[in-house]
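The next block is upload_8.txt, given as compact mmCIF, N, CA and C atoms and all ligand atoms.
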```
# COMPACT_ATOMS: atom_id res chain seq x y z
N MET A 1 3.78 20.93 14.54
CA MET A 1 2.66 20.20 15.15
C MET A 1 3.01 19.86 16.61
N THR A 2 2.11 20.17 17.52
CA THR A 2 2.39 19.98 18.95
C THR A 2 1.95 18.58 19.41
N GLU A 3 2.36 18.22 20.62
CA GLU A 3 1.92 16.95 21.21
C GLU A 3 0.39 16.92 21.33
N ASN A 4 -0.16 18.07 21.65
CA ASN A 4 -1.62 18.16 21.78
C ASN A 4 -2.30 17.91 20.42
N ASP A 5 -1.73 18.45 19.36
CA ASP A 5 -2.26 18.21 18.01
C ASP A 5 -2.24 16.71 17.71
N ILE A 6 -1.13 16.07 18.04
CA ILE A 6 -1.00 14.63 17.75
C ILE A 6 -2.07 13.84 18.52
N ALA A 7 -2.28 14.21 19.78
CA ALA A 7 -3.29 13.53 20.60
C ALA A 7 -4.69 13.72 19.98
N LEU A 8 -4.99 14.94 19.54
CA LEU A 8 -6.29 15.22 18.93
C LEU A 8 -6.50 14.42 17.64
N ILE A 9 -5.44 14.34 16.85
CA ILE A 9 -5.53 13.60 15.58
C ILE A 9 -5.76 12.11 15.87
N ARG A 10 -5.04 11.58 16.84
CA ARG A 10 -5.20 10.14 17.15
C ARG A 10 -6.61 9.84 17.65
N GLU A 11 -7.12 10.68 18.53
CA GLU A 11 -8.48 10.45 19.07
C GLU A 11 -9.53 10.51 17.96
N THR A 12 -9.43 11.54 17.12
CA THR A 12 -10.48 11.71 16.12
C THR A 12 -10.35 10.67 15.02
N PHE A 13 -9.11 10.29 14.68
CA PHE A 13 -8.96 9.28 13.64
C PHE A 13 -9.48 7.92 14.12
N ALA A 14 -9.31 7.62 15.40
CA ALA A 14 -9.81 6.35 15.94
C ALA A 14 -11.31 6.24 15.67
N HIS A 15 -12.01 7.35 15.84
CA HIS A 15 -13.45 7.39 15.59
C HIS A 15 -13.76 7.08 14.12
N LEU A 16 -12.99 7.70 13.22
CA LEU A 16 -13.22 7.47 11.79
C LEU A 16 -12.85 6.04 11.39
N HIS A 17 -11.75 5.55 11.96
CA HIS A 17 -11.26 4.24 11.57
C HIS A 17 -12.23 3.13 11.98
N ARG A 18 -12.94 3.34 13.06
CA ARG A 18 -13.93 2.34 13.47
C ARG A 18 -15.04 2.19 12.43
N ARG A 19 -15.25 3.25 11.67
CA ARG A 19 -16.28 3.20 10.61
C ARG A 19 -15.60 3.49 9.26
N LYS A 20 -14.53 2.73 8.98
CA LYS A 20 -13.67 3.13 7.87
C LYS A 20 -14.32 3.00 6.50
N THR A 21 -15.18 2.00 6.31
CA THR A 21 -15.79 1.84 4.99
C THR A 21 -16.70 3.03 4.70
N GLU A 22 -17.49 3.39 5.70
CA GLU A 22 -18.40 4.53 5.59
C GLU A 22 -17.60 5.84 5.40
N THR A 23 -16.52 5.98 6.17
CA THR A 23 -15.70 7.18 6.09
C THR A 23 -15.09 7.32 4.69
N ALA A 24 -14.56 6.22 4.17
CA ALA A 24 -13.93 6.26 2.85
C ALA A 24 -14.97 6.62 1.77
N ARG A 25 -16.18 6.10 1.94
CA ARG A 25 -17.23 6.40 0.97
C ARG A 25 -17.58 7.90 1.00
N ILE A 26 -17.73 8.44 2.19
CA ILE A 26 -18.01 9.88 2.33
C ILE A 26 -16.90 10.70 1.66
N PHE A 27 -15.67 10.27 1.91
CA PHE A 27 -14.51 11.00 1.38
C PHE A 27 -14.52 11.02 -0.15
N TYR A 28 -14.65 9.83 -0.78
CA TYR A 28 -14.59 9.81 -2.25
C TYR A 28 -15.81 10.47 -2.89
N ASP A 29 -16.97 10.31 -2.28
CA ASP A 29 -18.15 11.00 -2.82
C ASP A 29 -17.90 12.51 -2.86
N ARG A 30 -17.34 13.00 -1.77
CA ARG A 30 -17.08 14.44 -1.70
C ARG A 30 -15.99 14.86 -2.68
N LEU A 31 -14.91 14.07 -2.74
CA LEU A 31 -13.81 14.40 -3.65
C LEU A 31 -14.30 14.48 -5.09
N PHE A 32 -15.10 13.49 -5.53
CA PHE A 32 -15.53 13.48 -6.93
C PHE A 32 -16.61 14.53 -7.19
N GLU A 33 -17.25 14.99 -6.12
CA GLU A 33 -18.20 16.10 -6.29
C GLU A 33 -17.46 17.42 -6.50
N ILE A 34 -16.42 17.67 -5.68
CA ILE A 34 -15.72 18.96 -5.81
C ILE A 34 -14.65 18.95 -6.90
N ALA A 35 -14.18 17.75 -7.29
CA ALA A 35 -13.12 17.68 -8.31
C ALA A 35 -13.38 16.51 -9.26
N PRO A 36 -14.45 16.59 -10.07
CA PRO A 36 -14.78 15.45 -10.95
C PRO A 36 -13.65 15.10 -11.91
N GLU A 37 -12.77 16.05 -12.19
CA GLU A 37 -11.68 15.77 -13.14
C GLU A 37 -10.70 14.72 -12.63
N VAL A 38 -10.69 14.45 -11.31
CA VAL A 38 -9.74 13.43 -10.82
C VAL A 38 -10.33 12.01 -10.87
N ARG A 39 -11.63 11.90 -11.11
CA ARG A 39 -12.27 10.57 -11.11
C ARG A 39 -11.60 9.59 -12.08
N PRO A 40 -11.27 10.03 -13.34
CA PRO A 40 -10.66 9.07 -14.28
C PRO A 40 -9.26 8.61 -13.88
N LEU A 41 -8.61 9.30 -12.94
CA LEU A 41 -7.27 8.86 -12.53
C LEU A 41 -7.33 7.55 -11.74
N PHE A 42 -8.48 7.27 -11.14
CA PHE A 42 -8.64 6.05 -10.35
C PHE A 42 -9.10 4.91 -11.23
N LYS A 43 -8.19 3.95 -11.43
CA LYS A 43 -8.48 2.86 -12.37
C LYS A 43 -9.08 1.65 -11.66
N GLY A 44 -8.76 1.49 -10.40
CA GLY A 44 -9.17 0.27 -9.70
C GLY A 44 -10.49 0.43 -8.97
N ASP A 45 -10.79 -0.55 -8.14
CA ASP A 45 -12.02 -0.56 -7.35
C ASP A 45 -11.92 0.51 -6.26
N ILE A 46 -12.89 1.38 -6.22
CA ILE A 46 -12.81 2.54 -5.32
C ILE A 46 -12.97 2.12 -3.85
N LYS A 47 -13.63 1.01 -3.63
CA LYS A 47 -13.77 0.51 -2.26
C LYS A 47 -12.41 0.04 -1.71
N ALA A 48 -11.68 -0.70 -2.58
CA ALA A 48 -10.35 -1.16 -2.19
C ALA A 48 -9.42 0.03 -2.00
N GLN A 49 -9.60 1.03 -2.85
CA GLN A 49 -8.80 2.24 -2.77
C GLN A 49 -9.04 2.96 -1.44
N GLY A 50 -10.29 3.01 -1.05
CA GLY A 50 -10.65 3.65 0.23
C GLY A 50 -9.99 2.94 1.40
N ALA A 51 -9.94 1.60 1.34
CA ALA A 51 -9.31 0.84 2.42
C ALA A 51 -7.82 1.16 2.49
N LYS A 52 -7.18 1.31 1.30
CA LYS A 52 -5.74 1.61 1.27
C LYS A 52 -5.48 3.00 1.86
N LEU A 53 -6.35 3.92 1.51
CA LEU A 53 -6.18 5.30 2.01
C LEU A 53 -6.27 5.31 3.54
N MET A 54 -7.27 4.61 4.07
CA MET A 54 -7.46 4.59 5.52
C MET A 54 -6.28 3.90 6.21
N GLU A 55 -5.74 2.83 5.60
CA GLU A 55 -4.61 2.14 6.22
C GLU A 55 -3.36 3.01 6.19
N THR A 56 -3.18 3.76 5.08
CA THR A 56 -2.00 4.64 5.03
C THR A 56 -2.10 5.75 6.06
N LEU A 57 -3.30 6.29 6.21
CA LEU A 57 -3.48 7.33 7.23
C LEU A 57 -3.22 6.75 8.62
N LEU A 58 -3.65 5.50 8.81
CA LEU A 58 -3.43 4.85 10.10
C LEU A 58 -1.92 4.74 10.39
N VAL A 59 -1.17 4.29 9.38
CA VAL A 59 0.29 4.16 9.56
C VAL A 59 0.91 5.54 9.80
N ALA A 60 0.49 6.52 9.00
CA ALA A 60 1.05 7.87 9.15
C ALA A 60 0.81 8.40 10.56
N ILE A 61 -0.38 8.16 11.06
CA ILE A 61 -0.74 8.68 12.38
C ILE A 61 -0.04 7.91 13.49
N ALA A 62 0.14 6.60 13.27
CA ALA A 62 0.84 5.79 14.27
C ALA A 62 2.31 6.18 14.36
N THR A 63 2.88 6.68 13.26
CA THR A 63 4.31 6.98 13.25
C THR A 63 4.59 8.48 13.34
N LEU A 64 3.63 9.24 13.81
CA LEU A 64 3.83 10.69 13.89
C LEU A 64 5.02 11.07 14.78
N ASN A 65 5.37 10.19 15.70
CA ASN A 65 6.52 10.50 16.56
C ASN A 65 7.84 10.02 15.94
N ASP A 66 7.75 9.33 14.80
CA ASP A 66 8.97 8.87 14.11
C ASP A 66 8.97 9.53 12.74
N ARG A 67 9.34 10.80 12.72
CA ARG A 67 9.20 11.58 11.50
C ARG A 67 10.07 11.05 10.36
N ASP A 68 11.24 10.47 10.69
CA ASP A 68 12.12 10.01 9.61
C ASP A 68 11.48 8.84 8.86
N GLY A 69 10.93 7.89 9.64
CA GLY A 69 10.29 6.73 9.01
C GLY A 69 9.10 7.16 8.19
N LEU A 70 8.33 8.10 8.73
CA LEU A 70 7.14 8.60 8.03
C LEU A 70 7.52 9.31 6.73
N THR A 71 8.59 10.11 6.79
CA THR A 71 9.01 10.84 5.60
C THR A 71 9.40 9.89 4.47
N ILE A 72 10.11 8.82 4.81
CA ILE A 72 10.53 7.85 3.78
C ILE A 72 9.30 7.23 3.11
N LEU A 73 8.31 6.86 3.94
CA LEU A 73 7.08 6.28 3.41
C LEU A 73 6.36 7.27 2.49
N LEU A 74 6.24 8.52 2.92
CA LEU A 74 5.49 9.52 2.15
C LEU A 74 6.21 9.91 0.86
N GLU A 75 7.55 9.90 0.89
CA GLU A 75 8.29 10.23 -0.33
C GLU A 75 8.05 9.16 -1.39
N LYS A 76 8.05 7.93 -0.96
CA LYS A 76 7.81 6.83 -1.89
C LYS A 76 6.38 6.95 -2.46
N LEU A 77 5.43 7.23 -1.55
CA LEU A 77 4.03 7.37 -1.97
C LEU A 77 3.88 8.54 -2.95
N GLY A 78 4.58 9.62 -2.69
CA GLY A 78 4.51 10.82 -3.55
C GLY A 78 5.02 10.53 -4.96
N ARG A 79 6.13 9.78 -5.04
CA ARG A 79 6.65 9.42 -6.36
C ARG A 79 5.67 8.52 -7.10
N GLY A 80 5.05 7.59 -6.35
CA GLY A 80 4.04 6.72 -6.96
C GLY A 80 2.89 7.55 -7.51
N HIS A 81 2.49 8.56 -6.79
CA HIS A 81 1.36 9.39 -7.22
C HIS A 81 1.66 10.19 -8.47
N ARG A 82 2.91 10.58 -8.66
CA ARG A 82 3.24 11.26 -9.91
C ARG A 82 2.99 10.29 -11.06
N ASP A 83 3.33 9.03 -10.86
CA ASP A 83 3.09 8.03 -11.91
C ASP A 83 1.59 7.78 -12.15
N TYR A 84 0.76 8.09 -11.16
CA TYR A 84 -0.71 7.98 -11.36
C TYR A 84 -1.27 9.26 -11.99
N HIS A 85 -0.37 10.19 -12.40
CA HIS A 85 -0.76 11.47 -13.02
C HIS A 85 -1.45 12.41 -12.04
N VAL A 86 -1.14 12.26 -10.77
CA VAL A 86 -1.67 13.20 -9.77
C VAL A 86 -0.81 14.46 -9.84
N GLU A 87 -1.47 15.63 -9.91
CA GLU A 87 -0.75 16.90 -10.00
C GLU A 87 -0.80 17.61 -8.65
N PRO A 88 0.18 18.49 -8.40
CA PRO A 88 0.20 19.18 -7.09
C PRO A 88 -1.13 19.82 -6.71
N ARG A 89 -1.83 20.42 -7.69
CA ARG A 89 -3.08 21.11 -7.34
C ARG A 89 -4.17 20.14 -6.85
N HIS A 90 -4.07 18.86 -7.24
CA HIS A 90 -5.06 17.88 -6.79
C HIS A 90 -5.01 17.68 -5.28
N TYR A 91 -3.83 17.94 -4.70
CA TYR A 91 -3.70 17.74 -3.25
C TYR A 91 -4.62 18.69 -2.48
N ASP A 92 -4.89 19.86 -3.02
CA ASP A 92 -5.81 20.79 -2.33
C ASP A 92 -7.21 20.19 -2.26
N HIS A 93 -7.64 19.54 -3.37
CA HIS A 93 -8.98 18.95 -3.39
C HIS A 93 -9.09 17.80 -2.38
N VAL A 94 -8.04 16.97 -2.34
CA VAL A 94 -8.05 15.84 -1.40
C VAL A 94 -8.06 16.38 0.04
N GLY A 95 -7.30 17.43 0.28
CA GLY A 95 -7.28 18.02 1.63
C GLY A 95 -8.65 18.55 2.01
N ALA A 96 -9.32 19.22 1.05
CA ALA A 96 -10.65 19.77 1.32
C ALA A 96 -11.65 18.64 1.59
N ALA A 97 -11.56 17.56 0.80
CA ALA A 97 -12.49 16.42 1.00
C ALA A 97 -12.23 15.74 2.34
N LEU A 98 -10.97 15.69 2.73
CA LEU A 98 -10.62 15.07 4.02
C LEU A 98 -11.19 15.89 5.19
N ILE A 99 -11.00 17.19 5.14
CA ILE A 99 -11.51 18.05 6.23
C ILE A 99 -13.05 17.99 6.27
N TRP A 100 -13.66 17.95 5.10
CA TRP A 100 -15.12 17.86 5.02
C TRP A 100 -15.61 16.54 5.63
N THR A 101 -14.87 15.45 5.35
CA THR A 101 -15.21 14.13 5.91
C THR A 101 -15.13 14.16 7.43
N LEU A 102 -14.08 14.78 7.94
CA LEU A 102 -13.92 14.89 9.41
C LEU A 102 -15.07 15.69 10.00
N ARG A 103 -15.40 16.80 9.35
CA ARG A 103 -16.47 17.66 9.85
C ARG A 103 -17.80 16.90 9.88
N THR A 104 -18.07 16.14 8.80
CA THR A 104 -19.32 15.39 8.70
C THR A 104 -19.37 14.26 9.72
N SER A 105 -18.28 13.53 9.85
CA SER A 105 -18.28 12.34 10.71
C SER A 105 -18.20 12.67 12.19
N LEU A 106 -17.47 13.73 12.53
CA LEU A 106 -17.25 14.03 13.95
C LEU A 106 -18.32 14.95 14.53
N ALA A 107 -19.02 15.66 13.64
CA ALA A 107 -20.07 16.60 14.08
C ALA A 107 -19.55 17.52 15.18
N ASP A 108 -20.11 17.45 16.39
CA ASP A 108 -19.70 18.35 17.47
C ASP A 108 -18.24 18.15 17.89
N GLY A 109 -17.74 16.96 17.59
CA GLY A 109 -16.34 16.69 17.95
C GLY A 109 -15.35 17.41 17.05
N PHE A 110 -15.86 18.00 15.97
CA PHE A 110 -14.99 18.72 15.03
C PHE A 110 -14.80 20.16 15.53
N THR A 111 -13.91 20.33 16.47
CA THR A 111 -13.67 21.64 17.08
C THR A 111 -12.64 22.41 16.25
N PRO A 112 -12.50 23.71 16.47
CA PRO A 112 -11.46 24.48 15.76
C PRO A 112 -10.06 23.90 15.99
N ALA A 113 -9.80 23.39 17.19
CA ALA A 113 -8.47 22.82 17.46
C ALA A 113 -8.25 21.55 16.64
N VAL A 114 -9.32 20.74 16.49
CA VAL A 114 -9.22 19.52 15.67
C VAL A 114 -8.97 19.92 14.21
N GLU A 115 -9.69 20.93 13.74
CA GLU A 115 -9.51 21.38 12.35
C GLU A 115 -8.07 21.87 12.13
N ARG A 116 -7.55 22.65 13.06
CA ARG A 116 -6.17 23.16 12.92
C ARG A 116 -5.17 22.01 12.90
N ALA A 117 -5.34 21.02 13.80
CA ALA A 117 -4.39 19.91 13.89
C ALA A 117 -4.37 19.11 12.58
N TRP A 118 -5.55 18.79 12.05
CA TRP A 118 -5.63 18.01 10.81
C TRP A 118 -5.14 18.81 9.61
N THR A 119 -5.45 20.11 9.57
CA THR A 119 -5.00 20.94 8.45
C THR A 119 -3.48 20.97 8.43
N SER A 120 -2.89 21.06 9.60
CA SER A 120 -1.43 21.11 9.70
C SER A 120 -0.83 19.76 9.29
N LEU A 121 -1.42 18.66 9.76
CA LEU A 121 -0.91 17.34 9.38
C LEU A 121 -1.02 17.13 7.87
N TYR A 122 -2.18 17.47 7.30
CA TYR A 122 -2.35 17.23 5.87
C TYR A 122 -1.38 18.09 5.06
N ALA A 123 -1.17 19.33 5.49
CA ALA A 123 -0.23 20.21 4.76
C ALA A 123 1.17 19.60 4.77
N ASP A 124 1.58 19.01 5.90
CA ASP A 124 2.89 18.36 5.99
C ASP A 124 2.98 17.16 5.05
N ILE A 125 1.92 16.32 5.08
CA ILE A 125 1.90 15.12 4.23
C ILE A 125 1.98 15.52 2.76
N ALA A 126 1.12 16.47 2.37
CA ALA A 126 1.06 16.89 0.96
C ALA A 126 2.40 17.49 0.53
N ALA A 127 3.00 18.33 1.38
CA ALA A 127 4.27 18.97 1.00
C ALA A 127 5.36 17.91 0.80
N THR A 128 5.37 16.89 1.66
CA THR A 128 6.40 15.84 1.53
C THR A 128 6.18 15.04 0.25
N MET A 129 4.92 14.68 -0.03
CA MET A 129 4.63 13.88 -1.23
C MET A 129 4.92 14.69 -2.50
N ILE A 130 4.48 15.95 -2.52
CA ILE A 130 4.69 16.80 -3.71
C ILE A 130 6.19 17.06 -3.92
N GLY A 131 6.89 17.31 -2.83
CA GLY A 131 8.34 17.57 -2.91
C GLY A 131 9.07 16.38 -3.51
N ALA A 132 8.72 15.16 -3.08
CA ALA A 132 9.39 13.95 -3.59
C ALA A 132 9.06 13.73 -5.06
N ALA A 133 7.81 14.04 -5.44
CA ALA A 133 7.40 13.85 -6.84
C ALA A 133 8.16 14.82 -7.76
N LYS A 134 8.43 16.02 -7.24
CA LYS A 134 9.15 17.02 -8.06
C LYS A 134 10.62 16.68 -8.17
N ALA A 135 11.18 16.16 -7.07
CA ALA A 135 12.63 15.92 -7.02
C ALA A 135 13.06 14.74 -7.90
N ALA A 136 12.20 13.72 -7.97
CA ALA A 136 12.64 12.47 -8.63
C ALA A 136 12.57 12.56 -10.14
C1 LIG A 201 -2.64 12.28 2.05
C2 LIG A 201 -2.43 12.09 0.77
C3 LIG A 201 -2.63 10.75 0.10
C4 LIG A 201 -2.50 9.48 0.60
C5 LIG A 201 -2.15 9.06 2.03
C6 LIG A 201 -2.79 8.56 -0.49
C7 LIG A 201 -2.73 7.16 -0.40
C8 LIG A 201 -2.77 6.31 -1.47
C9 LIG A 201 -2.45 4.90 -1.43
C10 LIG A 201 -2.00 4.12 -0.18
C11 LIG A 201 -2.58 4.39 -2.68
C12 LIG A 201 -2.37 2.93 -3.09
C13 LIG A 201 -1.25 2.72 -4.04
C14 LIG A 201 0.12 3.09 -3.54
O1 LIG A 201 0.51 2.60 -2.45
O2 LIG A 201 0.81 3.86 -4.23
C15 LIG A 201 -3.01 5.50 -3.53
C16 LIG A 201 -3.26 5.41 -4.89
C17 LIG A 201 -3.79 6.44 -5.66
N1 LIG A 201 -4.03 7.73 -5.24
FE1 LIG A 201 -3.61 8.49 -3.42
N2 LIG A 201 -3.11 9.28 -1.62
C18 LIG A 201 -3.02 10.63 -1.30
C19 LIG A 201 -3.26 11.68 -2.15
C20 LIG A 201 -3.80 11.57 -3.41
C21 LIG A 201 -4.19 12.68 -4.26
C22 LIG A 201 -4.03 14.17 -3.93
C23 LIG A 201 -4.71 12.15 -5.40
C24 LIG A 201 -5.30 12.95 -6.57
C25 LIG A 201 -6.51 12.83 -6.96
C26 LIG A 201 -4.60 10.69 -5.30
C27 LIG A 201 -4.94 9.77 -6.27
C28 LIG A 201 -4.57 8.45 -6.28
C29 LIG A 201 -4.68 7.57 -7.46
C30 LIG A 201 -5.24 7.98 -8.82
C31 LIG A 201 -4.20 6.31 -7.07
C32 LIG A 201 -4.13 5.05 -7.94
C33 LIG A 201 -5.46 4.39 -7.91
C34 LIG A 201 -5.60 3.24 -8.87
O3 LIG A 201 -4.87 2.26 -8.74
O4 LIG A 201 -6.42 3.33 -9.75
N3 LIG A 201 -4.07 10.39 -4.06
N4 LIG A 201 -3.11 6.64 -2.77
```

Kindly present the structure from the file in structure tokens form.
Ligand code: HEM
Amino acid sequence: MTENDIALIRETFAHLHRRKTETARIFYDRLFEIAPEVRPLFKGDIKAQGAKLMETLLVAIATLNDRDGLTILLEKLGRGHRDYHVEPRHYDHVGAALIWTLRTSLADGFTPAVERAWTSLYADIAATMIGAAKAA
């Protein structure tokens, strides 16, 4: 991931974070549409869950220049997700719902460069979380 990718991710995420409740709703609606089988894995309030997801993404994006700190956080999160019965293949659905949310919310701002930067970031996050879940 390049410096330019990081700048693009920060700019576009700022836009989403300003409307985080709406963004989280779009995300979960899409996720449960494309992958209804993951709906029962969520036991708590989906609104609170959306807020947690947005805050974690905020931390991940704020610490993109401190990869060691970010990796420790994501490994812990990945192990937690195994305990929630999240399987590696579910990460593809979440990635697809995330990209769809960005496309919907950013409209013209969703350029090919923005798509590449986010796809690369999500692939890194998912690989770290899945790797930690398998290792532990
Ligand atoms: C970028 C990847 C992801 C991030 C940043 C993320 C973030 C979070 C956070 C912050 C929590 C709150 C609890 C905790 O801290 O452990 C959580 C819980 C959870 N996540 Fe994720 N998650 C990701 C991927 C996924 C995937 C792929 C699934 C599969 C469908 C998933 C399903 C869940 C479930 C079922 C819970 C527990 C909800 C409950 O308490 O009912 N997450 N996630």

Let me see if you get this right: every residue at most 5 Å from ligand LIG 201 (chain A), counting only N, CA and C atoms and all ligand atoms, written as a VMD selection string. chain A and resid 41 to 44 52 to 53 86 90 to 91

Quick one, how far is atom CA of A:Glu75 from atom CA of A:Glu87? 14.8 Å

Interatomic distance (Å, one decimal) between atom CA of A:Ile9 and atom CA of A:Ala24: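 Spanning atom CA of A:Ile9 to atom CA of A:Ala24 is a straight-line distance of 16.9 Å.
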
Distance of atom C of A:Asp29 from atom C of A:Ile61, expressed in Å to one decimal place: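 These two atoms are separated by 24.6 Å.
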
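Closest approach to A:Asp108 among A:Thr23, A:Asn4, A:Thr12, A:Thr63 is made by A:Thr12 (distances from only C-alpha atoms).
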
I'd like to know which of A:Val94, A:Ala135, A:Thr128, A:Ala107 is closest to A:Ile34, using only C-alpha atoms.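 Smallest separation from A:Ile34 among the options: A:Val94.
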
Draw an axis-aligned box tight on the listed atoms of stretch 23-29 of chain A, then pad every side by 3 Å and write out centre and edge lengths in Å to one decimal as AutoDock Vina command-line options.
```
--center_x -16.0 --center_y 9.2 --center_z 1.6 --size_x 10.2 --size_y 12.5 --size_z 15.1
```

Please provide the set of residues having any atom within 12 Å of A:Ala14, restricted to only C-alpha atoms, with same-chain residues fewer than 5 positions apart removed, written as a list of chain:residue names. A:Ala7, A:Leu8, A:Ile9, A:Arg19, A:Lys20, A:Thr23, A:Met54, A:Glu55, A:Leu57, A:Leu58, A:Ile61, A:Ala62, A:Leu102, A:Ser105, A:Leu106

Which of these, A:Ile125, A:Ala117, A:Ile6, A:Ala96, has the shortest distance to A:Leu31 once you count only N, CA and C atoms? A:Ala96

Closest of A:Thr104, A:Thr111, A:Thr119, A:Thr71 to A:Asp92 - atom-to-atom distances counting only C-alpha atoms: A:Thr119

Residues near A:Lys134, anyone? I mean within 7 Å using all atoms listed in the file, not counting same-chain ones fewer than 5 positions away, as a PDB file with N, CA and C atoms, keeping the file's coordinate frame.
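As a result, selection-v2.pdb now contains:
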```
ATOM      1  N   GLY A  78       4.580   9.620  -2.690  1.00  0.00           N
ATOM      2  CA  GLY A  78       4.510  10.820  -3.550  1.00  0.00           C
ATOM      3  C   GLY A  78       5.020  10.530  -4.960  1.00  0.00           C
ATOM      4  N   ARG A  79       6.130   9.780  -5.040  1.00  0.00           N
ATOM      5  CA  ARG A  79       6.650   9.420  -6.360  1.00  0.00           C
ATOM      6  C   ARG A  79       5.670   8.520  -7.100  1.00  0.00           C
ATOM      7  N   MET A 129       4.920  14.680  -0.030  1.00  0.00           N
ATOM      8  CA  MET A 129       4.630  13.880  -1.230  1.00  0.00           C
ATOM      9  C   MET A 129       4.920  14.690  -2.500  1.00  0.00           C
TER      10      MET A 129
END
```

From stretch 60-134 of chain A, collect each residue whose DSSP state is helix (DSSP H, G or I) and return the set as JSON, numbers by chain. {"A": [60, 61, 62, 67, 68, 69, 70, 71, 72, 73, 74, 75, 76, 77, 78, 79, 80, 81, 82, 83, 90, 91, 92, 93, 94, 95, 96, 97, 98, 99, 100, 101, 102, 103, 104, 105, 106, 107, 108, 109, 112, 113, 114, 115, 116, 117, 118, 119, 120, 121, 122, 123, 124, 125, 126, 127, 128, 129, 130, 131, 132, 133, 134]}
